[in-house]
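Novice: Let me begin by handing over the structure; questions about it come next.
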There are 2 protein chains.
Amino acid sequence: MTATGKSTPGLPDGAHPVDPERVERARARLPSAEEGDRLASVLTLMADPTRARLLYALDEVDELCVGDLALALGVSEDAASYGLRVLRTAGLVTRRKEGRMAFYRLAEGFPEPLRQHCLHRLIAMSHRSAEDESADI
Amino acid sequence: MTATGKSTPGLPDGAHPVDPERVERARARLPSAEEGDRLASVLTLMADPTRARLLYALDEVDELCVGDLALALGVSEDAASYGLRVLRTAGLVTRRKEGRMAFYRLAEGFPEPLRQHCLHRLIAMSHRSAEDESADI
DNA sequence: GAGTTATCCGTGTGATGGCACGGGTGTGCG
DNA sequence: CGCACACCCGTGCCATCACACGGATAACTC
């Protein structure tokens, strides 16, 4: 059992794993590298102001066409189109074509945790973070 | 008042804002560009497998030194150090120096929503997302 | 004091990302 | 039938990024 237990700072006995117990505890519950990749890819989709706001807008109103989305966000139609392209490729939004225009909405299988936690809670957080003026509590 | 209301697809009267009501509804509740930027920057910090897992590990065990974190994650010490550097610059983790080693922990002011929603809920999501085999519920 | 160890910092590099640009497609209108 | 429109797609440009590498610092051991 190596009998080390906790190693005080200078002990060269344990060498690299300084506190193996904690390392093991962390390692056991840690998401795998692959899970980390998945989480990162889904968060990367939200980690862009344009895309985040596109999703938020589509969460508020069921459906919007590209031009109106661009207008609501105050970005170029090209930027909106590009953002939607990425989100669509990722399967987060769907497109309905009516005549010459395309209406977007959140995909049916839009991950509910993502909507709740990122769209609602985190956006709410960023509302009051930053340099809040008075800061009650 | 332009009297348009809803414009059917082909009406050239409303021109760009096809359905002004929805645009207005979206625009009113939409996070501002600046808020979008803030949200994006904080999400960008999580949108990296190494950093996300670093934070997760630090959330599980109070405190770990760089080498042990690298060991727990299975990444190079340099990668861990770099990730911690970024997180530290952003103020999400703090460093305590003891002798020649540095112990990291989540910052005191670590945004609670971030911990709950990103670390716990979203990681839980990415556990069962992907191609889940049997998928009980 | 010399050597080793744990970490930090600045820089180079390959990779990725957001978006503007130009050209293309299908649609509605006169 | 020809024009304008709303949108899509492929591509190029510039910025950012994650990480490796090398050197520097402080501390512990002998």
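Residue names in the structure tokens use chain letters A, B, ... in the order shown, residue numbers from 1 in each chain, and ligand numbers from 1 in the order shown.
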Which parts of segment 71-137 of chain A does DSSP call strand (DSSP E or B) when run on the backbone here, written out as a ChimeraX atom specification?
Specialist: /A:93-98,101-106
Novice: After a least-squares superposition on chain B using every in-order C-alpha pair, I'd like chain A written out as a CSV table (one decimal) with C-alpha atoms, in the first residue's frame.
Specialist:
chain,number,residue,atom,x,y,z
A,1,MET,CA,-50.2,51.7,-39.2
A,2,THR,CA,-49.3,50.4,-42.7
A,3,ALA,CA,-52.3,48.1,-42.3
A,4,THR,CA,-50.2,45.1,-43.3
A,5,GLY,CA,-50.4,42.9,-40.3
A,6,LYS,CA,-49.3,39.6,-41.7
A,7,SER,CA,-48.0,39.7,-45.2
A,8,THR,CA,-48.6,36.8,-47.4
A,9,PRO,CA,-45.5,35.5,-49.1
A,10,GLY,CA,-45.6,37.5,-52.2
A,11,LEU,CA,-46.5,40.9,-50.9
A,12,PRO,CA,-43.8,43.4,-51.9
A,13,ASP,CA,-45.4,46.0,-49.5
A,14,GLY,CA,-43.6,45.2,-46.3
A,15,ALA,CA,-40.3,44.5,-48.2
A,16,HIS,CA,-37.7,43.4,-45.7
A,17,PRO,CA,-39.5,42.9,-42.4
A,18,VAL,CA,-41.6,40.1,-43.5
A,19,ASP,CA,-43.4,39.6,-40.2
A,20,PRO,CA,-42.6,42.8,-38.2
A,21,GLU,CA,-44.6,41.7,-35.2
A,22,ARG,CA,-42.3,38.7,-34.6
A,23,VAL,CA,-39.2,40.7,-35.4
A,24,GLU,CA,-40.2,43.2,-32.8
A,25,ARG,CA,-41.0,40.6,-30.2
A,26,ALA,CA,-37.7,38.9,-30.8
A,27,ARG,CA,-35.8,42.2,-30.8
A,28,ALA,CA,-37.4,43.3,-27.6
A,29,ARG,CA,-36.3,40.3,-25.5
A,30,LEU,CA,-33.1,39.5,-27.3
A,31,PRO,CA,-29.8,39.9,-25.5
A,32,SER,CA,-27.8,42.8,-26.8
A,33,ALA,CA,-24.8,42.3,-28.9
A,34,GLU,CA,-22.6,43.2,-25.9
A,35,GLU,CA,-24.4,40.7,-23.7
A,36,GLY,CA,-24.0,38.1,-26.4
A,37,ASP,CA,-20.3,38.8,-26.4
A,38,ARG,CA,-20.1,38.3,-22.7
A,39,LEU,CA,-22.0,35.1,-22.8
A,40,ALA,CA,-19.8,33.9,-25.7
A,41,SER,CA,-16.6,34.7,-23.9
A,42,VAL,CA,-17.6,32.8,-20.8
A,43,LEU,CA,-18.9,29.9,-22.8
A,44,THR,CA,-15.7,29.8,-24.8
A,45,LEU,CA,-13.9,29.1,-21.6
A,46,MET,CA,-16.0,26.0,-21.1
A,47,ALA,CA,-16.1,25.0,-24.8
A,48,ASP,CA,-12.8,23.2,-24.6
A,49,PRO,CA,-12.4,19.6,-23.4
A,50,THR,CA,-9.3,20.3,-21.4
A,51,ARG,CA,-10.7,23.3,-19.6
A,52,ALA,CA,-14.1,21.8,-19.0
A,53,ARG,CA,-12.6,18.8,-17.5
A,54,LEU,CA,-10.2,20.8,-15.4
A,55,LEU,CA,-13.0,22.8,-14.0
A,56,TYR,CA,-15.0,19.6,-13.4
A,57,ALA,CA,-12.1,18.0,-11.6
A,58,LEU,CA,-11.7,21.1,-9.4
A,59,ASP,CA,-15.4,21.0,-8.6
A,60,GLU,CA,-15.1,17.4,-7.4
A,61,VAL,CA,-12.0,17.7,-5.3
A,62,ASP,CA,-11.3,21.1,-3.6
A,63,GLU,CA,-7.8,21.5,-4.7
A,64,LEU,CA,-5.2,19.9,-7.0
A,65,CYS,CA,-1.7,20.6,-8.2
A,66,VAL,CA,-0.9,21.0,-11.8
A,67,GLY,CA,0.9,17.6,-12.2
A,68,ASP,CA,-1.9,15.7,-10.6
A,69,LEU,CA,-4.5,17.5,-12.7
A,70,ALA,CA,-2.6,16.5,-15.8
A,71,LEU,CA,-2.4,13.0,-14.5
A,72,ALA,CA,-6.1,12.8,-13.7
A,73,LEU,CA,-7.1,14.2,-17.1
A,74,GLY,CA,-4.5,12.2,-19.0
A,75,VAL,CA,-3.1,15.2,-20.7
A,76,SER,CA,0.4,16.7,-20.8
A,77,GLU,CA,1.5,18.9,-17.9
A,78,ASP,CA,2.0,21.6,-20.4
A,79,ALA,CA,-1.6,21.4,-21.7
A,80,ALA,CA,-2.9,21.4,-18.1
A,81,SER,CA,-0.7,24.3,-17.2
A,82,TYR,CA,-1.9,26.2,-20.3
A,83,GLY,CA,-5.5,25.6,-19.6
A,84,LEU,CA,-5.1,26.7,-16.0
A,85,ARG,CA,-3.3,29.8,-17.2
A,86,VAL,CA,-6.3,30.7,-19.3
A,87,LEU,CA,-8.8,30.0,-16.6
A,88,ARG,CA,-6.8,31.9,-14.1
A,89,THR,CA,-6.5,34.9,-16.4
A,90,ALA,CA,-10.3,34.8,-16.7
A,91,GLY,CA,-10.6,34.6,-12.9
A,92,LEU,CA,-12.3,31.3,-12.8
A,93,VAL,CA,-9.6,29.5,-10.7
A,94,THR,CA,-7.2,30.6,-8.1
A,95,ARG,CA,-3.7,29.5,-7.4
A,96,ARG,CA,-2.1,28.7,-4.0
A,97,LYS,CA,1.6,28.2,-3.9
A,98,GLU,CA,3.0,25.8,-1.4
A,99,GLY,CA,6.7,25.1,-1.7
A,100,ARG,CA,7.6,24.4,-5.3
A,101,MET,CA,4.1,23.3,-6.4
A,102,ALA,CA,1.0,25.2,-7.2
A,103,PHE,CA,-2.5,24.1,-6.1
A,104,TYR,CA,-5.5,25.3,-8.0
A,105,ARG,CA,-9.1,25.5,-7.0
A,106,LEU,CA,-12.2,27.1,-8.3
A,107,ALA,CA,-12.3,30.9,-7.6
A,108,GLU,CA,-14.4,32.1,-4.8
A,109,GLY,CA,-16.5,34.1,-7.1
A,110,PHE,CA,-16.9,31.3,-9.5
A,111,PRO,CA,-20.3,31.9,-11.2
A,112,GLU,CA,-22.7,29.6,-9.6
A,113,PRO,CA,-24.9,29.3,-12.7
A,114,LEU,CA,-21.9,28.2,-14.6
A,115,ARG,CA,-21.1,25.5,-12.2
A,116,GLN,CA,-24.6,24.2,-11.9
A,117,HIS,CA,-25.7,24.5,-15.5
A,118,CYS,CA,-22.6,23.8,-17.4
A,119,LEU,CA,-20.6,21.6,-15.2
A,120,HIS,CA,-23.4,19.5,-13.8
A,121,ARG,CA,-26.4,19.5,-16.2
A,122,LEU,CA,-24.6,19.8,-19.5
A,123,ILE,CA,-22.0,17.3,-18.7
A,124,ALA,CA,-24.7,15.0,-17.6
A,125,MET,CA,-26.4,15.6,-20.9
A,126,SER,CA,-23.3,14.7,-22.9
A,127,HIS,CA,-23.1,11.5,-21.0
A,128,ARG,CA,-26.3,10.2,-22.5
A,129,SER,CA,-26.3,12.0,-25.7
A,130,ALA,CA,-24.2,10.7,-28.6
A,131,GLU,CA,-25.1,7.3,-29.8
A,132,ASP,CA,-26.6,5.8,-26.7
A,133,GLU,CA,-26.9,2.1,-27.0
A,134,SER,CA,-30.2,1.0,-25.7
A,135,ALA,CA,-31.8,4.4,-25.0
A,136,ASP,CA,-34.5,3.8,-22.5
A,137,ILE,CA,-36.8,6.8,-23.2
Novice: At a cut-off of 8 Å, list the chain C residues touching chain A, using only C-alpha atoms (C1' of nucleotides), as a PDB file with C-alpha atoms (C1' of nucleotides), in the first residue's frame.
Specialist:
ATOM      1  C1'  DC C  19     -17.685  36.365 -42.085  1.00  0.00           C
ATOM      2  C1'  DA C  20     -17.555  38.999 -46.638  1.00  0.00           C
ATOM      3  C1'  DG C  26     -35.730  28.780 -57.472  1.00  0.00           C
ATOM      4  C1'  DT C  27     -39.620  31.888 -56.918  1.00  0.00           C
ATOM      5  C1'  DG C  28     -42.909  35.684 -57.539  1.00  0.00           C
TER       6       DG C  28
END
Novice: Choose the residue, out of D:DC9, D:DA15, D:DC1, D:DC21, that has the smallest atom-to-atom separation from DG17 of chain C; count only C-alpha atoms (C1' of nucleotides).
Specialist: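 Looking only at the distances to DG17 of chain C, the closest residue turns out to be D:DA15.
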Novice: To one decimal place in Å, what is the distance between atom C1' of DA27 of chain D and atom C1' of DG3 of chain C?
Specialist: 12.3 Å
Novice: Using only C-alpha atoms (C1' of nucleotides), which chain D residues lie at most 10 Å away from chain A, written as a PyMOL selection string?
Specialist: chain D and resi 5-9+27-29
Novice: Just the number, please: distance in Å from atom C1' of DG22 of chain D to atom C1' of DC9 of chain C, one decimal.
Specialist: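 Distance reported for this atom pair: 10.6 Å.
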Novice: Please identify all polymer residues within 12 Å of DG22 of chain C, counting only C-alpha atoms (C1' of nucleotides), omitting same-chain residues fewer than 5 positions from it, and present them as a PyMOL selection string.
Specialist: chain D and resi 9-12
Novice: Using C-alpha atoms (C1' of nucleotides), can you write the selected residues to a file as a compact mmCIF listing (two decimals), in the first residue's frame?
Specialist:
# COMPACT_ATOMS: atom_id res chain seq x y z
C1' DC D 9 -23.13 27.55 -51.31
C1' DG D 10 -18.05 27.53 -52.16
C1' DT D 11 -14.01 30.23 -51.34
C1' DG D 12 -10.61 33.56 -49.55
Novice: Just list the residues in chain A DSSP gives alpha helix (DSSP H) on the backbone, as JSON, numbers by chain.
Specialist: {"A": [20, 21, 22, 23, 24, 25, 26, 27, 28, 29, 33, 34, 35, 36, 37, 38, 39, 40, 41, 42, 43, 44, 45, 46, 49, 50, 51, 52, 53, 54, 55, 56, 57, 58, 59, 60, 66, 67, 68, 69, 70, 71, 72, 73, 77, 78, 79, 80, 81, 82, 83, 84, 85, 86, 87, 88, 89, 112, 113, 123, 124, 125, 126, 127, 128]}
